[in-house]
Amino acid sequence: MLLIPCPYCGERAEGEFRYGGEAHFRRPDNHLEATDEAWADYLFMRKNPKGWHRERWMHLAGCRRWFYVVRHTITHKIATAYKVGDAHPDLPA
Amino acid sequence: MSQDFRLAQGGRIDREKPLRFLFDGHAYEGFAGDTLASAMLANGIHLVSRSFKYHRPRGIYGLGVEEPNALVETGIGAGIEPNARATTVELADGLIANSQNRWPSLRFDLGAVADLASPLLSAGFYYKTFMSPAGGWKIYEWLIRRAAGVGHAPELPDPDRYEHSYAHADVLVVGAGPAGLAAALAAGRAGARVMLVDDQVEPGGQLLNTPYAINGRPAPEWVAEATAELDRLPDVRRLARTLALGVYDHGYVACVERAIPVSQGRVRWRERLWRVRAKEIVVATGAIERAIIFDGNDRPGTMLASAARAYAVRYGVAAGQRAVVFANNDDAYRTALDLANAGVEVAAVVDLRHDLSGALPGMARERGLRVLAGHGIVGGRGRTRIKAVEAAPVDDPSNRQVIECDLLAVSGGWNPALHLYAHAGGKAAYDSGLAAFVPGAPAERMTIAGAAAGRFQLADCLADGARLGAEAARRAGFSAGPALVLDAPEPEPDSRIGPVASPSRGGKRFVDLHNDVTEADLRLAVTEGYRSVEHAKRYTTWGMGPDQGKTGNILGLNVLSDALGQPVPQVGTTTFRPPYHPVSFGALAGRETGDLVVPTRKTPMDSWHAEAGALFEPVGQWRRAKAYPKPGESLHAAADREVRAAREGVGLFDASTLGKIDMSGPGAETLIERVYCNNFASLKPGHARYGLMLGEDGMVKDDGVTARLGPDHFHMTTTTGGAAGVYVWIEDWLQTEWLDLEVFLTSVTEQWAVATLSGPKARQVLGPLTDVDLSAAAFPFMSFREGRVAGMPARIFRVSFSGDLSYEINVPARHGLALWQALMESGRPHGITPYGTEALHILRAEKGYIVVGHETDGTITPADLGMEAMVSKKKDFLGRRSLVRSGMSGPGRKHLVGLMTKDPARVLPMGAQILERPSEARPVPMIGHVTSSYHSPTMKRGIAMALVKNGRARMGDTVYLPLLDGPTVAAEVVKPVFYDPEGARRDG
């Protein structure tokens with residue numbers, strides 16, 4: 001069970017959170033004019049990296065806020081967590 | 001029999017406190033402080049089990065969790081616990097234990113014919129029975145399932161309670177031996193919050209049976225002192241009888257604590273699962289002695305040398321009267337010396353090594369013990385108990401000598417217990433000097449002290465503990481406390497280790513005692529192509545028993561290494577995964593059993609439903625009244641009666657479970673416009689509208705009626721099951737994409753109780769109770785009014801899910817029951833009838849109203865449902881772009897239609913598949929399925945809704961539904977509105 005550093009509440013057990021998948025994928029601008037390919041990419045395609053991953057989490061049983069976590073998908077190490085609107089931190093080497 | 005093998009003195013048992021126990025129906029006595037195993041040995045019981053596959057007689061082999069043989073069943077009736085290790089069962093007065101996997105008795109077990117048939121039962125034999133002869137498996141399976149195995153699961157519900165506890169620690173120390181005690185002391189003195197867990201009753205580990213001194217005094221005295229200091233430190237928590245099962249991510253460690261056994265009645269809790277979150281973990285789990293491979297190495301009376309030593313020194317029990325010690329390392333001589341000092345005759349020490357120049361062999365020789373250097377054991381005598389061994393020079397195995405003995409203590413070296421390190425992601429490295437795996441690269445938050453790190457000298461264990469405990473505390477933010485100075489002189493060690501196998505003369509040589517895997521099985525696996533360690537493991541089941549190969553792992557790797565011609569590190573090792581030791585389902589479940597598995601949500605009117613004899617059904621976590629059958633009435637008859645009442649008179653329904661979200665703020669209208677696909681901007685305050693919600697993929701996600709309470713204030717309702725998901729989903733958009741929208745969302749599902757009056761007489765029932773003008777002109781359909789109902793503040797919505805005149809009356813939840821009672825009272829002259837969810841579904845199906853999750857399944861668009869007209873073409877909303885993706889419209893999509901069976905009495909089963917023709921060649925092309933189906937009391941016939949490919953083009957066509965174990969039913973495709981298609985009844 002991961003220990004997730006909620007930027008609002010501090011470290012809490014994974015069971016309090018909801019996972020939201022890859023972070024920062026973009027809804028196409030002028031989406032009504034987006035090509036089928038661009039729209040399908042937005043709808044269905046997500047990265048599944050082996051290594052560092054920026055991802056969305058929501059503190060469901062706490063502040064109910066969405067935020068971002070940089071997590072390593074193999075070691076489960078968490079490098080950092082940050083709020084919506086914060087600058088995206090670099091991925092660790 | 002009364003403890004004939006209890007030594008006259010010594011041991012840490014309390015001889016003043018005798019405890020009685022039963023094994024296989026015979027009464028015995030032991031002492032407080034015994035384990036079941038030590039008490040059995042004190043009574044001369046060596047035959048305790050039959051082996052898994054061959055039903056060979058087996059005896060107590062180890063001292064603790066490593067025990068592969070002595071699995072017994074404890075308790076009776078519902079309290080039975082199968083597969084308990086006799087070595088870990090704490091003796092209690094009145095304990096009942098029975099042997100397992102034998103018939104008719106332990107001493108005479110018919111299953112032992114398997115041993116005679118063993119040439120047929122080699123590695124992978126049961127895989128081979130899958131292959132040939134054809135169909136043979138069906139016969140073998142019956143035999144194998146009965147013959148192989150361990151204990152039987154209890155058949156009654158567990159009467160005991162299990163607890164869960166949570167704990168946070170700066171430093172978690174696992175193991176209270178020398179290294180663990182020193183680590184806990186060092187970290188505790190630094191002021192860290194320390195948790196020290198140990199699976200034994202008494203702390204001390206090996207110190208409880210060491211002859212050596214710490215700081216000049218007997219080791220147990222130092223243990224008592226250290227323990228007393230730990231118990232005085234305010235932030236140190238010490239848990240005995242507590243086994244660390246597994247290390248998970250981010251310092252999460254699961255431990256299970258056993259209750260102190262009681263002789264009468266039940267314990268308050270039987271096991272307690274500790275979920276510890278530790279900043280630092282010091283692993284001081286010690287090492288587990290391993291065996292040596294030799295012919296007939298499984299006779300009862302054969303045991304690990306460390307176990308024989310501990311039984312003598314710690315429990316005051318002679319595991320035999322005449323012992324042979326079989327060794328490949330110096331540590332075995334400690335056992336020989338301790339046994340001799342305890343009064344056990346040591347007939348010989350047989351050592352595979354030729355050069356025995358270390359201090360310990362020297363001491364043994366000085367003590368007058370017979371030492372056979374360069375010798376192995378090549379055979380033995382005795383079936384249910386060892387009677388003699390055959391020793392022979394390693395270089396000349398046929399030159400045998402028989403040595404009579406009733407105890408064979410085997411020491412093949414020590415394996416550091418690295419399970420927790422492996423759980424944490426550590427990769428062990430092979431140390432060929434120790435012939436064992438030792439810690440490699442460090443694992444996160446973890447350090448490894450003492451014997452667990454392959455450092456077996458007492459002084460090293462103490463020094464490691466003191467250093468690593470202080471370092472762990474420092475990393476957790478504490479500066480070191482008073483230094484620990486511990487001096488523990490020992491005989492000069494000689495760490496050279498001999499081979500792990502003795503020469504063979506053709507007998508059975510077990511590598512894994514629990515699963516009856518022999519050296520020959522592993523070699524056969526390699527011959528048959530299972531060359532990877534993981535394949536060989538699975539093919540032979542080596543290391544896959546409940547003991548997970550704690551004593552046989554290295555032995556098997558050495559066999560594979562030899563068979564493959566590769567050094568051990570290249571052979572690799574299998575992965576240790578949690579749990580370290582089997583754990584009960586009870587401990588994992590804790591209190592979350594029975595009614596507490598899932599919370600039951602009840603509406604404010606629930607007690608009324610229960611008193612009225614309602615039949616309940618679970619809907620999500622809610623418990624809802626399905627119908628209110630009268631005595632002797634079936635569900636079907638009750639629902640029919642309830643539907644007729646709601647159509648012809650008046651019915652009352654508890655709709656409190658509907659999801660409700662209060663939305664307010666200047667951005668509320670924009671938000672609503674974006675989450676519903678139909679227009680809401682034109683909705684005036686005081687009015688309500690049905691809304692359809694799509695996912696970004698354009699599929700119907702949820703629906704419900706939303707009312708505009710004020711310009712910037714909306715009351716959204718969702719489906720009962722979708723409430724939480726919709727709320728989270730909208731929050732997600734607000735927080736991550738639409739940060740400019742100022743809206744407060746509040747879930748008010750449980751704040752409002754909702755009673756729905758439905759039927760032509762609804763107005764007459766509500767009228768006398770309220771100050772609101774209910775006339776159709778003053779209070780039109782799809783509007784809402786605030787007022788008072790029976791004196792309570794209420795919001796009344798004129799919406800309808802039945803097609804008839806309806807009022808959904810919302811009051812604060814605390815008034816829900818009073819509202820319900822007032823409506824029932826007011827409705828009595830009109831024959832008011834409460835109706836449940838079954839009637840609700842029939843009523844809405846008669847009108848063709850969809851239920852999300854019935855008529856939709858995540859692949860259904862508004863157009864599929866025939867609702868494309870309501871989808872806004874002017875505004876943007878979630879899912880809009882997807883509606884024009886290819887495949888989202890046009891031929892081939894399924895449409896919502898109605899089905900009328902040709903035989904009106906026939907009610908189709910929901911989910912029934914639909915065919916174009918009554919019989920088709922296989923594979924049969926399915927064109928759709930039934931989504932809802934009921935007997936309609938209003939139409940007096942079966943009605944169904946269905947999703948059918950190109951359904952709207954099939955109006956009037958006949959389709960066919962082949963029923964499971966029944967006929968193929970013909971039905972006509974019709975519009976999905978069966979009753980009052982003009983909507984003439986909604987105003988009453």
# chains A, B, ... in the order shown; residues from 1 in each chain; ligands from 1
$ closest_atom_pairs --of "chain A" --to "chain B" --cutoff "7 Å" --atoms "only C-alpha atoms" --output "Markdown table"
| residue | atom | partner | partner_atom | distance |
| --- | --- | --- | --- | --- |
| A:Met1 | CA | B:Asp249 | CA | 5.6 |
| A:Leu2 | CA | B:Asp249 | CA | 5.5 |
| A:Leu3 | CA | B:His250 | CA | 5.9 |
| A:His31 | CA | B:Arg881 | CA | 6.9 |
| A:Leu32 | CA | B:Arg881 | CA | 5.3 |
| A:Asp36 | CA | B:Arg885 | CA | 6.5 |
| A:Leu43 | CA | B:Asp697 | CA | 6.8 |
| A:Trp66 | CA | B:Gln735 | CA | 6.7 |
| A:Val84 | CA | B:Thr736 | CA | 6.5 |
$ select_by_dssp --residues "range 31-61 of chain A" --states "strand (DSSP E)" --output "PyMOL selection string"
chain A and resi 52-58
$ write_last_selection --atoms "N, CA and C atoms" --output "PDB file, in the first residue's frame"
ATOM      1  N   TRP A  52       9.469   6.405 -14.570  1.00  0.00           N
ATOM      2  CA  TRP A  52       8.792   7.549 -13.952  1.00  0.00           C
ATOM      3  C   TRP A  52       7.550   7.936 -14.737  1.00  0.00           C
ATOM      4  N   HIS A  53       6.526   8.302 -14.011  1.00  0.00           N
ATOM      5  CA  HIS A  53       5.212   8.530 -14.612  1.00  0.00           C
ATOM      6  C   HIS A  53       4.540   9.657 -13.851  1.00  0.00           C
ATOM      7  N   ARG A  54       4.066  10.652 -14.592  1.00  0.00           N
ATOM      8  CA  ARG A  54       3.244  11.689 -13.954  1.00  0.00           C
ATOM      9  C   ARG A  54       1.800  11.211 -13.991  1.00  0.00           C
ATOM     10  N   GLU A  55       1.161  11.207 -12.850  1.00  0.00           N
ATOM     11  CA  GLU A  55      -0.187  10.644 -12.832  1.00  0.00           C
ATOM     12  C   GLU A  55      -1.117  11.424 -11.911  1.00  0.00           C
ATOM     13  N   ARG A  56      -2.403  11.182 -12.137  1.00  0.00           N
ATOM     14  CA  ARG A  56      -3.450  11.910 -11.408  1.00  0.00           C
ATOM     15  C   ARG A  56      -3.936  11.079 -10.231  1.00  0.00           C
ATOM     16  N   TRP A  57      -4.103  11.724  -9.090  1.00  0.00           N
ATOM     17  CA  TRP A  57      -4.684  11.059  -7.921  1.00  0.00           C
ATOM     18  C   TRP A  57      -5.695  12.007  -7.282  1.00  0.00           C
ATOM     19  N   MET A  58      -6.679  11.438  -6.629  1.00  0.00           N
ATOM     20  CA  MET A  58      -7.661  12.266  -5.920  1.00  0.00           C
ATOM     21  C   MET A  58      -7.817  11.738  -4.497  1.00  0.00           C
TER      22      MET A  58
END
$ closest_residue --among "A:Phe25, A:Tyr19, A:Tyr82, A:Tyr42" --to "Cys6 in chain A" --atoms "only C-alpha atoms"
A:Tyr82
$ residues_around --residues "range 278-281 of chain B" --least-positions-apart "2" --cutoff "10 Å" --atoms "only C-alpha atoms" --output "number ranges by chain"
B: 167-174, 193-195, 247, 250-253, 275-276, 283-284, 420-421, 443-448, 468-469, 471-477
$ select_by_dssp --residues "range 766-916 of chain B" --states "helix (DSSP H, G or I)" --output "ChimeraX atom specification"
/B:766-769,813-830,837-846,868-870,880-883
$ atom_distance --atom1 "CA of Val533 in chain B" --atom2 "CA of Val438 in chain B"
18.6 Å
$ residues_around --residues "Gly983 in chain B" --least-positions-apart "6" --cutoff "10 Å" --atoms "only C-alpha atoms" --output "PyMOL selection string"
chain B and resi 803-804+847
